[in-house]
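Okay, my_file_6.cif now, which holds mmCIF, C-alpha atoms:
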```cif
data_my_file
loop_
_atom_site.label_atom_id
_atom_site.label_comp_id
_atom_site.auth_asym_id
_atom_site.auth_seq_id
_atom_site.Cartn_x
_atom_site.Cartn_y
_atom_site.Cartn_z
CA MET W 1 83.14 20.83 175.93
CA PRO W 2 81.74 21.10 179.41
CA THR W 3 84.57 23.37 180.62
CA VAL W 4 83.88 25.94 177.92
CA LEU W 5 80.17 25.94 178.61
CA GLN W 6 80.80 26.12 182.33
CA ASN W 7 83.04 29.14 181.87
CA ILE W 8 80.60 30.93 179.58
CA PHE W 9 77.90 30.35 182.14
CA ARG W 10 80.17 31.60 184.90
CA PHE W 11 81.04 34.70 182.88
CA VAL W 12 77.41 35.67 182.36
CA LEU W 13 76.44 34.90 185.93
CA LEU W 14 79.31 36.83 187.48
CA VAL W 15 78.80 39.86 185.23
CA LEU W 16 75.09 39.97 186.04
CA PHE W 17 75.71 39.53 189.75
CA GLN W 18 78.39 42.22 189.71
CA VAL W 19 76.37 44.73 187.74
CA LEU W 20 72.94 44.18 189.24
CA VAL W 21 73.79 43.42 192.84
CA LEU W 22 77.33 44.20 193.95
CA ASN W 23 77.65 47.53 192.15
CA ASN W 24 74.70 48.74 194.17
CA ILE W 25 76.38 47.89 197.43
CA GLN W 26 78.04 50.92 199.00
CA PHE W 27 78.38 49.58 202.51
CA LEU W 28 79.73 52.28 204.83
CA GLY W 29 80.88 54.11 201.72
CA TYR W 30 84.01 51.97 201.53
CA ILE W 31 83.07 48.46 200.60
CA ASN W 32 82.37 47.74 196.99
CA PRO W 33 83.41 44.15 196.26
CA TYR W 34 84.36 43.14 192.73
CA LEU W 35 83.55 39.48 192.62
CA TYR W 36 83.68 39.20 188.82
CA ILE W 37 87.43 38.67 189.09
CA LEU W 38 86.58 35.11 190.15
CA PHE W 39 86.10 34.35 186.45
CA ILE W 40 89.79 35.01 185.78
CA LEU W 41 90.81 33.16 188.95
CA ALA W 42 88.84 30.05 188.03
CA LEU W 43 90.00 29.57 184.45
CA PRO W 44 92.01 26.39 183.83
CA VAL W 45 95.71 26.72 184.59
CA GLN W 46 97.05 25.85 181.14
CA ILE W 47 94.84 28.22 179.18
CA PRO W 48 96.94 30.00 176.50
CA ARG W 49 98.19 33.27 177.91
CA TRP W 50 97.13 35.39 174.96
CA PHE W 51 93.63 33.95 175.23
CA LEU W 52 93.57 34.66 178.95
CA LEU W 53 94.52 38.29 178.29
CA VAL W 54 91.83 38.68 175.64
CA LEU W 55 89.22 37.15 177.92
CA ALA W 56 90.29 39.45 180.74
CA PHE W 57 89.97 42.45 178.44
CA ILE W 58 86.49 41.41 177.34
CA LEU W 59 85.41 40.81 180.92
CA GLY W 60 86.80 44.14 182.10
CA MET W 61 85.21 46.00 179.21
CA THR W 62 81.84 44.39 179.88
CA ILE W 63 81.93 45.51 183.49
CA ASP W 64 83.15 48.94 182.38
CA ILE W 65 80.31 49.42 179.96
CA PHE W 66 77.80 48.66 182.65
CA SER W 67 79.37 50.85 185.29
CA ASN W 68 80.40 53.81 183.10
CA THR W 69 84.06 53.48 183.97
CA ILE W 70 85.44 52.84 180.50
CA GLY W 71 88.89 51.27 180.63
CA MET W 72 89.42 51.00 184.40
CA HIS W 73 88.16 47.51 184.97
CA ALA W 74 89.68 46.41 181.67
CA PHE W 75 93.08 47.71 182.73
CA ALA W 76 92.98 46.10 186.18
CA THR W 77 91.64 42.80 184.91
CA VAL W 78 94.20 42.50 182.10
CA LEU W 79 96.92 43.28 184.64
CA VAL W 80 95.95 40.44 187.00
CA ALA W 81 95.47 38.12 184.04
CA PHE W 82 99.03 38.91 182.98
CA PHE W 83 100.42 38.14 186.45
CA ARG W 84 98.28 35.05 186.93
CA ASP W 85 100.69 32.50 185.48
CA GLY W 86 103.60 33.84 187.50
CA ILE W 87 101.61 33.79 190.72
CA ILE W 88 100.40 30.24 190.10
CA LYS W 89 103.99 29.11 189.46
CA LEU W 90 105.10 30.93 192.60
CA PHE W 91 102.72 29.16 194.97
CA THR W 92 102.16 25.75 193.39
CA ASN W 93 104.11 23.16 191.48
CA ILE W 94 101.73 21.80 188.92
CA GLU W 95 103.32 19.20 186.69
CA GLU W 96 103.53 19.58 182.94
CA GLY W 97 100.54 18.12 181.17
CA ASN W 98 98.21 18.64 184.08
CA ASN W 99 95.48 21.21 183.50
CA PRO W 100 93.55 21.66 186.73
CA THR W 101 91.06 24.38 187.51
CA PRO W 102 92.29 26.44 190.46
CA SER W 103 90.46 25.49 193.65
CA PHE W 104 91.06 24.37 197.22
CA TYR W 105 91.33 20.78 196.03
CA THR W 106 93.80 21.21 193.20
CA PHE W 107 96.05 23.86 194.78
CA GLY W 108 95.76 22.92 198.41
CA VAL W 109 94.11 25.26 200.90
CA SER W 110 97.03 27.50 201.81
CA SER W 111 98.33 27.89 198.25
CA TYR W 112 94.87 28.68 196.97
CA ILE W 113 94.29 31.29 199.67
CA LYS W 114 97.63 32.96 198.88
CA TYR W 115 96.78 32.91 195.19
CA VAL W 116 93.37 34.49 195.69
CA VAL W 117 94.57 37.10 198.15
CA LEU W 118 97.43 38.26 195.97
CA MET W 119 95.34 38.36 192.80
CA VAL W 120 92.46 40.23 194.41
CA ILE W 121 94.74 42.76 196.07
CA ILE W 122 96.57 43.48 192.81
CA HIS W 123 93.27 43.91 191.03
CA HIS W 124 91.61 46.10 193.64
CA THR W 125 94.68 48.25 194.20
CA THR W 126 95.01 48.95 190.49
CA LEU W 127 91.33 49.65 190.19
CA PHE W 128 91.05 52.07 193.10
CA LEU W 129 94.26 53.84 192.10
CA LEU W 130 92.90 54.33 188.61
CA GLU W 131 89.62 55.52 190.02
CA ALA W 132 91.26 58.13 192.24
CA PHE W 133 94.00 58.94 189.68
CA SER W 134 96.02 60.53 192.44
CA PHE W 135 97.44 59.84 195.88
CA SER W 136 95.70 62.74 197.53
CA HIS W 137 93.19 60.75 199.57
CA PHE W 138 95.69 58.10 200.47
CA TRP W 139 94.18 56.77 203.73
CA ILE W 140 90.64 56.68 202.50
CA MET W 141 91.82 54.88 199.41
CA LEU W 142 93.85 52.41 201.43
CA ALA W 143 90.83 51.67 203.61
CA LYS W 144 88.71 51.21 200.51
CA ILE W 145 91.24 48.85 198.95
CA LEU W 146 91.68 46.75 202.07
CA LEU W 147 88.02 46.50 203.04
CA SER W 148 86.78 45.80 199.53
CA SER W 149 89.54 43.24 198.94
CA MET W 150 88.64 41.54 202.18
CA VAL W 151 84.98 41.25 201.22
CA THR W 152 85.82 40.04 197.73
CA ILE W 153 88.25 37.45 199.11
CA LEU W 154 85.69 36.24 201.64
CA LEU W 155 83.05 35.97 198.92
CA ILE W 156 85.37 33.98 196.68
CA MET W 157 86.37 31.69 199.54
CA GLY W 158 82.74 31.18 200.40
CA ILE W 159 81.79 30.30 196.86
CA GLN W 160 84.77 27.98 196.43
CA SER W 161 84.18 26.18 199.71
CA ILE W 162 80.58 25.26 198.92
CA LYS W 163 81.67 23.98 195.50
CA THR W 164 82.16 20.24 195.50
CA LYS W 165 85.10 18.73 193.71
CA MET X 1 114.90 39.66 160.39
CA LYS X 2 114.57 36.12 161.62
CA ASN X 3 115.75 37.22 165.02
CA LEU X 4 113.22 39.97 165.07
CA ILE X 5 110.40 37.54 164.25
CA ASN X 6 111.61 35.15 166.93
CA PHE X 7 111.74 37.98 169.38
CA LEU X 8 108.23 39.04 168.50
CA ILE X 9 106.89 35.48 168.87
CA GLN X 10 108.66 34.97 172.15
CA TYR X 11 107.28 38.11 173.67
CA SER X 12 103.96 38.09 171.84
CA VAL X 13 102.05 37.77 175.10
CA VAL X 14 103.83 40.74 176.60
CA PHE X 15 103.06 42.76 173.52
CA LEU X 16 99.43 41.73 173.68
CA PHE X 17 99.39 42.68 177.33
CA LEU X 18 100.90 46.07 176.67
CA PHE X 19 98.58 46.60 173.72
CA LEU X 20 95.46 45.86 175.78
CA GLU X 21 96.64 48.00 178.66
CA ILE X 22 97.36 50.90 176.33
CA ILE X 23 93.87 50.59 174.86
CA SER X 24 92.41 50.63 178.36
CA LEU X 25 94.47 53.62 179.43
CA THR X 26 93.59 55.50 176.27
CA LEU X 27 89.96 54.82 176.91
CA ILE X 28 90.24 56.01 180.51
CA VAL X 29 91.93 59.22 179.51
CA LYS X 30 89.66 59.80 176.57
CA ASN X 31 86.60 59.10 178.64
CA GLN X 32 87.62 61.75 181.11
CA GLU X 33 87.77 64.21 178.25
CA TYR X 34 84.41 63.40 176.80
CA GLN X 35 82.80 62.46 180.10
CA LYS X 36 80.69 59.84 178.47
CA SER X 37 81.38 58.32 175.14
CA VAL X 38 78.04 57.88 173.56
CA PHE X 39 78.60 54.40 172.31
CA LEU X 40 80.10 52.65 175.29
CA SER X 41 78.12 54.13 178.13
CA SER X 42 74.85 53.15 179.74
CA SER X 43 72.90 55.04 177.16
CA ASN X 44 73.67 52.05 175.01
CA SER X 45 70.28 50.52 174.36
CA VAL X 46 71.08 46.99 175.54
CA VAL X 47 72.54 48.21 178.79
CA SER X 48 69.79 50.69 179.50
CA GLY X 49 67.21 48.04 178.71
CA MET X 50 68.76 45.77 181.26
CA TYR X 51 68.93 48.51 183.86
CA GLU X 52 65.29 49.29 183.23
CA TRP X 53 64.49 45.66 183.88
CA SER X 54 66.62 45.65 187.01
CA ASN X 55 64.98 48.84 188.19
CA SER X 56 61.54 47.35 187.73
CA VAL X 57 62.57 44.63 190.16
CA VAL X 58 64.01 47.06 192.69
CA GLU X 59 60.99 49.33 192.32
CA PHE X 60 58.84 46.58 193.74
CA PHE X 61 60.67 46.85 197.02
CA LYS X 62 60.10 50.58 197.12
CA LEU X 63 56.34 50.26 196.76
CA ARG X 64 55.83 50.37 200.49
CA ALA X 65 57.35 53.81 200.82
CA ALA X 66 55.42 54.96 197.78
CA ASN X 67 52.21 53.67 199.32
CA ASP X 68 52.86 55.52 202.54
CA ASN X 69 53.47 58.73 200.67
CA LEU X 70 50.35 58.37 198.56
CA SER X 71 48.26 57.63 201.60
CA GLU X 72 49.56 60.72 203.41
CA GLU X 73 48.93 62.83 200.38
CA ASN X 74 45.46 61.41 199.96
CA THR X 75 44.59 62.33 203.51
CA SER X 76 45.85 65.86 203.23
CA LEU X 77 43.92 66.31 199.98
CA LYS X 78 40.78 65.04 201.64
CA ASN X 79 41.27 67.48 204.48
CA GLN X 80 41.64 70.26 201.95
CA ILE X 81 38.44 69.23 200.21
CA ILE X 82 36.57 69.31 203.48
CA ASN X 83 37.96 72.69 204.39
CA LEU X 84 36.95 74.03 201.01
CA GLN X 85 33.52 72.49 201.32
CA ASN X 86 33.11 74.16 204.68
CA LYS X 87 34.13 77.49 203.23
CA LEU X 88 31.86 77.02 200.26
CA SER X 89 28.84 76.24 202.36
CA THR X 90 29.34 79.34 204.50
CA LEU X 91 29.48 81.43 201.35
CA LYS X 92 26.26 80.05 199.89
CA PRO X 93 23.55 82.68 199.68
CA GLU X 94 21.08 82.37 202.52
CA ALA X 95 17.40 82.16 201.94
CA SER X 96 15.85 85.35 203.26
CA ASP X 97 13.67 83.67 205.85
CA SER X 98 16.22 81.16 207.10
CA VAL X 99 17.97 81.53 210.40
CA HIS X 100 21.67 82.16 210.33
CA PHE X 101 23.29 79.40 208.28
CA ARG X 102 25.67 77.09 210.05
CA ILE X 103 28.12 74.61 208.64
CA PRO X 104 26.32 71.28 208.66
CA PRO X 105 27.84 69.10 211.38
CA GLU X 106 28.54 66.17 209.10
CA MET X 107 31.05 68.29 207.22
CA GLU X 108 33.19 69.13 210.16
CA TYR X 109 35.45 66.18 209.89
CA GLN X 110 39.14 65.78 209.55
CA PHE X 111 41.06 62.68 208.65
CA ILE X 112 44.20 61.38 210.31
CA SER X 113 45.94 58.80 208.21
CA ALA X 114 47.40 55.80 210.00
CA LYS X 115 48.95 52.48 209.18
CA VAL X 116 47.79 49.13 210.49
CA ILE X 117 50.70 47.54 212.32
CA ASN X 118 48.92 44.62 213.91
CA SER X 119 45.60 43.01 213.24
CA SER X 120 43.76 39.75 213.50
CA THR X 121 40.79 38.40 211.63
CA ASN X 122 40.55 34.85 212.87
CA LYS X 123 39.68 35.36 216.53
CA LEU X 124 36.32 36.03 218.07
CA LEU X 125 37.43 39.34 219.53
CA ASN X 126 39.60 40.92 216.89
CA TYR X 127 41.59 44.09 217.32
CA ILE X 128 43.63 46.33 215.07
CA THR X 129 46.61 48.35 216.21
CA LEU X 130 47.47 51.61 214.45
CA ASN X 131 50.81 53.42 214.38
CA LYS X 132 49.32 56.76 215.43
CA GLY X 133 48.29 57.77 218.92
CA ALA X 134 47.44 60.67 221.18
CA ILE X 135 50.27 62.87 219.90
CA ASP X 136 48.79 62.64 216.41
CA GLY X 137 45.41 63.72 217.73
CA ILE X 138 43.65 60.38 217.98
CA LYS X 139 41.07 60.08 220.76
CA VAL X 140 38.89 57.30 222.04
CA ASP X 141 35.62 56.69 220.17
CA MET X 142 36.80 58.10 216.87
CA GLY X 143 35.67 56.24 213.79
CA VAL X 144 38.16 54.46 211.55
CA ILE X 145 37.63 53.99 207.82
CA SER X 146 39.71 52.83 204.90
CA ASP X 147 39.32 53.74 201.26
CA GLU X 148 36.93 50.83 200.90
CA GLY X 149 34.63 51.55 203.81
CA VAL X 150 34.10 51.39 207.56
CA VAL X 151 36.77 49.64 209.61
CA GLY X 152 35.88 50.22 213.26
CA ILE X 153 36.07 52.47 216.28
CA VAL X 154 39.09 53.52 218.33
CA LYS X 155 38.99 51.83 221.70
CA THR X 156 42.17 52.78 223.52
CA VAL X 157 44.87 55.31 222.79
CA SER X 158 48.41 55.54 224.04
CA LYS X 159 50.96 58.18 223.22
CA ARG X 160 52.02 56.70 219.91
CA PHE X 161 49.61 53.85 219.23
CA SER X 162 45.92 53.23 219.24
CA VAL X 163 43.82 50.09 219.27
CA VAL X 164 40.74 49.85 217.11
CA ILE X 165 37.80 47.52 217.57
CA PRO X 166 36.96 46.54 214.01
CA ILE X 167 33.57 45.44 212.78
CA LEU X 168 34.99 41.95 213.30
CA ASN X 169 34.33 42.07 217.01
CA PRO X 170 30.92 41.46 218.58
CA LYS X 171 31.65 44.16 221.14
CA ILE X 172 30.62 46.91 218.79
CA GLU X 173 27.53 47.48 216.79
CA ILE X 174 27.61 50.00 214.00
CA SER X 175 24.53 51.90 213.04
CA CYS X 176 23.85 51.39 209.33
CA LYS X 177 21.13 52.06 206.86
CA PHE X 178 20.16 51.14 203.34
CA LYS X 179 21.30 53.58 200.78
CA ARG X 180 18.03 52.97 198.92
CA ASN X 181 15.40 53.67 201.53
CA ASN X 182 17.12 54.88 204.70
CA TYR X 183 15.88 52.08 206.98
CA SER X 184 18.51 51.71 209.64
CA GLY X 185 19.71 48.84 211.77
CA GLY X 186 22.71 47.65 213.69
CA LEU X 187 25.58 45.74 212.12
CA LEU X 188 26.92 42.93 214.25
CA TRP X 189 29.59 40.39 213.52
CA SER X 190 28.69 36.78 213.98
CA GLY X 191 32.25 35.69 214.76
CA GLU X 192 32.68 33.23 211.93
CA ASP X 193 33.88 34.73 208.69
CA TYR X 194 35.88 37.93 208.31
CA ARG X 195 34.04 38.69 205.08
CA TYR X 196 30.50 38.76 206.45
CA ALA X 197 28.47 40.36 209.24
CA ASN X 198 24.80 40.45 210.14
CA LEU X 199 22.44 43.36 209.94
CA THR X 200 19.78 43.35 212.65
CA ASP X 201 16.63 45.31 213.44
CA ILE X 202 15.26 45.47 209.92
CA ALA X 203 11.53 44.94 210.22
CA ARG X 204 9.74 42.52 207.87
CA HIS X 205 7.79 45.13 205.98
CA VAL X 206 10.99 46.58 204.53
CA GLU X 207 11.63 45.65 200.92
CA LEU X 208 15.08 44.21 200.32
CA ALA X 209 17.04 43.01 197.34
CA LEU X 210 20.30 41.13 197.08
CA GLY X 211 23.21 43.47 196.55
CA ASP X 212 21.58 46.48 198.21
CA THR X 213 24.28 48.83 199.46
CA ILE X 214 24.56 49.48 203.17
CA ILE X 215 26.09 52.72 204.40
CA THR X 216 26.65 54.33 207.76
CA SER X 217 23.57 56.07 209.08
CA GLY X 218 25.16 59.15 210.57
CA LEU X 219 22.99 58.72 213.64
CA THR X 220 26.00 58.41 215.86
CA SER X 221 28.71 60.99 216.12
CA THR X 222 31.42 58.49 215.23
CA PHE X 223 30.86 58.17 211.51
CA PRO X 224 29.48 60.69 209.09
CA GLU X 225 26.62 59.55 206.94
CA GLY X 226 27.20 57.65 203.74
CA ILE X 227 30.40 55.70 204.24
CA PRO X 228 30.02 52.29 202.61
CA VAL X 229 29.77 49.31 204.94
CA GLY X 230 28.85 46.47 202.65
CA ALA X 231 26.18 44.93 200.49
CA ILE X 232 23.46 42.37 201.13
CA GLU X 233 24.75 38.92 200.36
CA ASP X 234 21.78 36.92 201.60
CA PHE X 235 18.65 37.46 203.68
CA LYS X 236 15.95 35.26 205.14
CA ILE X 237 12.93 35.59 207.36
CA LYS X 238 10.81 32.95 209.06
CA GLU X 239 7.03 33.17 209.22
CA SER X 240 7.15 33.89 212.94
CA ASP X 241 9.97 36.45 212.87
CA ALA X 242 9.48 40.16 213.07
CA TYR X 243 12.93 40.99 211.79
CA TYR X 244 15.02 39.87 208.87
CA LYS X 245 18.24 37.94 209.21
CA ILE X 246 20.49 39.71 206.77
CA LYS X 247 23.96 38.58 205.83
CA VAL X 248 26.15 41.48 204.72
CA LYS X 249 29.29 41.20 202.65
CA LEU X 250 31.64 43.74 204.19
CA ALA X 251 33.15 46.37 201.92
CA VAL X 252 36.52 46.23 203.65
CA ASN X 253 38.81 43.26 203.23
CA PHE X 254 40.27 43.01 206.72
CA ARG X 255 42.90 40.55 205.63
CA THR X 256 44.63 43.04 203.37
CA LEU X 257 43.96 46.18 205.37
CA SER X 258 47.02 48.41 205.59
CA HIS X 259 46.22 52.11 205.45
CA VAL X 260 43.29 53.60 207.31
CA LYS X 261 41.98 57.03 208.18
CA VAL X 262 40.81 58.02 211.61
CA ILE X 263 37.87 60.41 211.57
CA ASN X 264 38.18 63.40 213.80
CA TYR X 265 34.74 64.90 214.30
CA LEU X 266 35.52 68.39 215.44
CA ASN X 267 32.26 69.00 217.28
CA PHE X 268 32.27 65.66 219.02
CA GLN X 269 32.68 67.03 222.52
CA GLU X 270 30.05 69.69 222.09
CA GLN X 271 27.52 67.20 220.82
CA LYS X 272 28.32 64.75 223.61
CA ASP X 273 27.96 67.44 226.26
CA LEU X 274 24.67 68.66 224.90
CA GLU X 275 23.25 65.16 224.74
CA LYS X 276 24.36 64.45 228.27
CA LYS X 277 22.85 67.68 229.50
CA SER X 278 19.49 66.94 227.97
CA GLU X 279 19.49 63.48 229.52
CA GLU X 280 20.07 64.98 232.93
CA LEU X 281 17.23 67.42 232.66
#
```

Please rewrite the model in this file as structure tokens.
Amino acid sequence: MPTVLQNIFRFVLLVLFQVLVLNNIQFLGYINPYLYILFILALPVQIPRWFLLVLAFILGMTIDIFSNTIGMHAFATVLVAFFRDGIIKLFTNIEEGNNPTPSFYTFGVSSYIKYVVLMVIIHHTTLFLLEAFSFSHFWIMLAKILLSSMVTILLIMGIQSIKTK
Amino acid sequence: MKNLINFLIQYSVVFLFLFLEIISLTLIVKNQEYQKSVFLSSSNSVVSGMYEWSNSVVEFFKLRAANDNLSEENTSLKNQIINLQNKLSTLKPEASDSVHFRIPPEMEYQFISAKVINSSTNKLLNYITLNKGAIDGIKVDMGVISDEGVVGIVKTVSKRFSVVIPILNPKIEISCKFKRNNYSGGLLWSGEDYRYANLTDIARHVELALGDTIITSGLTSTFPEGIPVGAIEDFKIKESDAYYKIKVKLAVNFRTLSHVKVINYLNFQEQKDLEKKSEEL
């Protein structure tokens, strides 16, 4: 079961990196990347949907517990996990029976970029909206969403591009 | 009933999704009420343990700032001690037949703390650059010490920086004496090893022992008496020699030197002037 082990390892690594490093980054007061979402992005395509949702909830809760934001990350992560299948179907045509792990190689570069961008933006938008819980600081929030999403996307792209097939 | 079950199975994922989202939302709302739920917040022992560990790593990077602060504080405390000592000695009851009591000159010192920003130990003529200069009150010929012992003498001063000639430079000779018996000599670096220097001018009738402590003599106005310089590592004397060759292990490790104190002898100018005057006469 190398895939399972690999994913457990990735889970632990991403949570630690998020909690210990990225959560301490407050660059310019706007940028706070949430790289842990890569765990959801990189799960195999044909993973059962209920299992994906449960995993997303656990991941979100773990991050929440560490950053004292009970429920927010869980909500956002479960939301992207729910939309994941639809987004994958939208951008790619993976045949029945195939079970690839999303990456540049399996999806193709442009499809994978679209997939990552959409997922990250959904996640970050939900998260920052929940954090603010209002639309009163709309422009600041928009800047936060866009800048943080950009950094997260770049980080994910960077990690995926150094990964060999 | 069968339809209902089918319906539930078909949309089970959606129900799970909604269920999880409702839990999350409830938690968010609830958490805003209670601010921090005791169980799921960082006060949780596992989480706080991990943060403590993480903090211990980060703390390491903050040591530099902490060091700077401590050094500053140390200096100001030392200045306070000296001020108090001065006050105390003026308040001491005078012996009836003594002339008017003055503060002993070796107590009129102030310390200016500085940080080493450039130094060498491996050349023949080594220099140390400090991050304080004329605007901080540093002047040429002031003595420089660290917490371990004597470092050197200020050679040149610019507005914000100053260059020190350390013991590790044959251009200066520092007047030292034995703590044990007050015989004094000059300390000169041989140019080889940053850990050792040579003590000269100790006549052969002086009794020595390995490990004897060497301190500043106080015979020059640069250093007050009693600042540690080093200890005797080795000494030898030939039949024909009048003076010992003494190898001294320096008290200061110049390789790791980072914070120093510049000694400001308040009566320096007065002493210099007087000495000059008497030479002219």

In Å, how far is it from CA of Ile117 (chain X) to CA of His259 (chain X)?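 Interatomic distance, CA of Ile117 (chain X) to CA of His259 (chain X): 9.4 Å.
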
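Each of X:His205, X:Arg195, X:Lys115, X:Lys261 was compared to Lys247 (chain X) using all atoms listed in the file, and X:Arg195 turns out to be the nearest.
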
Selected by the PyMOL selection byres ((chain X and resi 267) around 9) in the shown coordinates: which residues, as a list in words? Pro105, Glu108, Tyr109, Ser221, Asn264, Tyr265, Leu266, Phe268, Gln269, Glu270, Gln271 and Lys272 of chain X

Long-range neighbours of Thr256 (chain X) as a list of chain:residue names, 10 Å cut-off, only C-alpha atoms, 3 positions minimum in chain: X:Val116, X:Ser119, X:Val252, X:Asn253, X:His259

Can you tell me, as a tab-separated table (two decimals) with C-alpha atoms, in the coordinates of the input, which residues sit within 12 Å of (76.3, 40.1, 188.8) in the file's frame, using only C-alpha atoms?
```
chain	number	residue	atom	x	y	z
W	9	PHE	CA	77.90	30.35	182.14
W	10	ARG	CA	80.17	31.60	184.90
W	11	PHE	CA	81.04	34.70	182.88
W	12	VAL	CA	77.41	35.67	182.36
W	13	LEU	CA	76.44	34.90	185.93
W	14	LEU	CA	79.31	36.83	187.48
W	15	VAL	CA	78.80	39.86	185.23
W	16	LEU	CA	75.09	39.97	186.04
W	17	PHE	CA	75.71	39.53	189.75
W	18	GLN	CA	78.39	42.22	189.71
W	19	VAL	CA	76.37	44.73	187.74
W	20	LEU	CA	72.94	44.18	189.24
W	21	VAL	CA	73.79	43.42	192.84
W	22	LEU	CA	77.33	44.20	193.95
W	23	ASN	CA	77.65	47.53	192.15
W	24	ASN	CA	74.70	48.74	194.17
W	25	ILE	CA	76.38	47.89	197.43
W	33	PRO	CA	83.41	44.15	196.26
W	34	TYR	CA	84.36	43.14	192.73
W	35	LEU	CA	83.55	39.48	192.62
W	36	TYR	CA	83.68	39.20	188.82
W	37	ILE	CA	87.43	38.67	189.09
W	38	LEU	CA	86.58	35.11	190.15
W	39	PHE	CA	86.10	34.35	186.45
W	62	THR	CA	81.84	44.39	179.88
W	63	ILE	CA	81.93	45.51	183.49
W	66	PHE	CA	77.80	48.66	182.65
W	67	SER	CA	79.37	50.85	185.29
X	54	SER	CA	66.62	45.65	187.01
```

Check the smallest atom-to-atom distance from each of X:Phe7, X:Ile214, X:Val29, X:Leu88 to Leu130 (chain W) using only C-alpha atoms, then report the winner.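 Looking at the shortest contact to Leu130 (chain W), the residue is X:Val29.
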
What do you get, as a PyMOL selection string, if you spell out every residue that the PyMOL selection byres ((chain X and resi 18) around 12) selects here? (chain W and resi 50+53-54+57+75+78-79+82) or (chain X and resi 11-17+19-26)

If you count only C-alpha atoms, the residue of W:Ser161, W:Ser149, W:Thr92, W:Thr69 closest to chain X turns out to be W:Thr69

Quick one: residues within 10 Å of Glu192 (chain X), only C-alpha atoms counted, chain neighbours fewer than 3 positions away excluded, as an MDAnalysis selection string? chainID X and resid 121:124 168 189 195:197

Name the residues that the PyMOL selection byres ((chain X and resi 132) around 8) picks from the file above, as a tab-separated table (two decimals) with C-alpha atoms, keeping the file's coordinate frame, using the file's chain letters and numbers.
```
chain	number	residue	atom	x	y	z
X	114	ALA	CA	47.40	55.80	210.00
X	115	LYS	CA	48.95	52.48	209.18
X	130	LEU	CA	47.47	51.61	214.45
X	131	ASN	CA	50.81	53.42	214.38
X	133	GLY	CA	48.29	57.77	218.92
X	134	ALA	CA	47.44	60.67	221.18
X	135	ILE	CA	50.27	62.87	219.90
X	136	ASP	CA	48.79	62.64	216.41
X	138	ILE	CA	43.65	60.38	217.98
X	160	ARG	CA	52.02	56.70	219.91
X	161	PHE	CA	49.61	53.85	219.23
X	162	SER	CA	45.92	53.23	219.24
```

In terms of the shortest atom-to-atom distance over all atoms listed in the file, which of W:Ile31, W:Ile47, W:Ala81, W:Ile70 is closest to Ile145 (chain W)?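 For Ile145 (chain W), the nearest of the candidates is W:Ile31.
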
Leaving out Pro100 (chain W) and any residue of its chain fewer than 6 positions from it, which residues lie within 8 Å of it when counting all atoms listed in the file, given as a VMD selection string? chain W and resid 44 to 46 106

Excluding same-chain residues fewer than 2 positions from Phe83 (chain W), what lies within 12 Å of it counting only C-alpha atoms, as a list in words? Ile40, Leu41, Arg49, Leu52, Leu53, Ala56, Ala76, Thr77, Val78, Leu79, Val80, Ala81, Asp85, Gly86, Ile87, Ile88, Lys89, Leu90, Tyr115, Leu118, Met119, Val120, Ile122 and His123 of chain W; Val13, Val14 and Phe17 of chain X

Rounded to one decimal place, report the CA of Thr156 (chain X)-CA of Asp141 (chain X) distance in Å.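 It comes out at 8.3 Å.
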
Find the residues around Thr75 (chain X) up to 7 Å (only C-alpha atoms counted), leave out those fewer than 4 positions away in its own chain, and share them as a PyMOL selection string. chain X and resi 71+79+111-113

Report, in Å with one decimal, the straight-line distance from CA of Ser184 (chain X) to CA of Ile145 (chain X). 19.3 Å

Using all atoms listed in the file, find the one residue out of W:Ala42, W:Val4, W:Phe51, W:Ala74 that sits nearest to chain X. W:Ala74

Counting all atoms listed in the file, the option among W:Ile121, W:Val151, W:Ala132, W:Met141 closest to chain X: W:Ala132

Do you know which residues lie at most 10 Å from (26.0, 57.3, 209.2), with coordinates as in the file and all atoms listed in the file counted, and could you write them as a list in words?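 Collected hits near the coordinates: Glu106, Ile174, Ser175, Cys176, Lys177, Ser184, Ile214, Ile215, Thr216, Ser217, Gly218, Leu219, Thr220, Ser221, Thr222, Phe223, Pro224, Glu225, Gly226, Ile227, Pro228 and Val229 of chain X.
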
Would you write out those residues with C-alpha atoms, as a short mmCIF file (atom, residue, chain, number, x, y, z; two decimals), in the coordinates of the input?
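File produced: part_32.cif:
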```
data_model
loop_
_atom_site.label_atom_id
_atom_site.label_comp_id
_atom_site.auth_asym_id
_atom_site.auth_seq_id
_atom_site.Cartn_x
_atom_site.Cartn_y
_atom_site.Cartn_z
CA GLU X 106 28.54 66.17 209.10
CA ILE X 174 27.61 50.00 214.00
CA SER X 175 24.53 51.90 213.04
CA CYS X 176 23.85 51.39 209.33
CA LYS X 177 21.13 52.06 206.86
CA SER X 184 18.51 51.71 209.64
CA ILE X 214 24.56 49.48 203.17
CA ILE X 215 26.09 52.72 204.40
CA THR X 216 26.65 54.33 207.76
CA SER X 217 23.57 56.07 209.08
CA GLY X 218 25.16 59.15 210.57
CA LEU X 219 22.99 58.72 213.64
CA THR X 220 26.00 58.41 215.86
CA SER X 221 28.71 60.99 216.12
CA THR X 222 31.42 58.49 215.23
CA PHE X 223 30.86 58.17 211.51
CA PRO X 224 29.48 60.69 209.09
CA GLU X 225 26.62 59.55 206.94
CA GLY X 226 27.20 57.65 203.74
CA ILE X 227 30.40 55.70 204.24
CA PRO X 228 30.02 52.29 202.61
CA VAL X 229 29.77 49.31 204.94
#
```
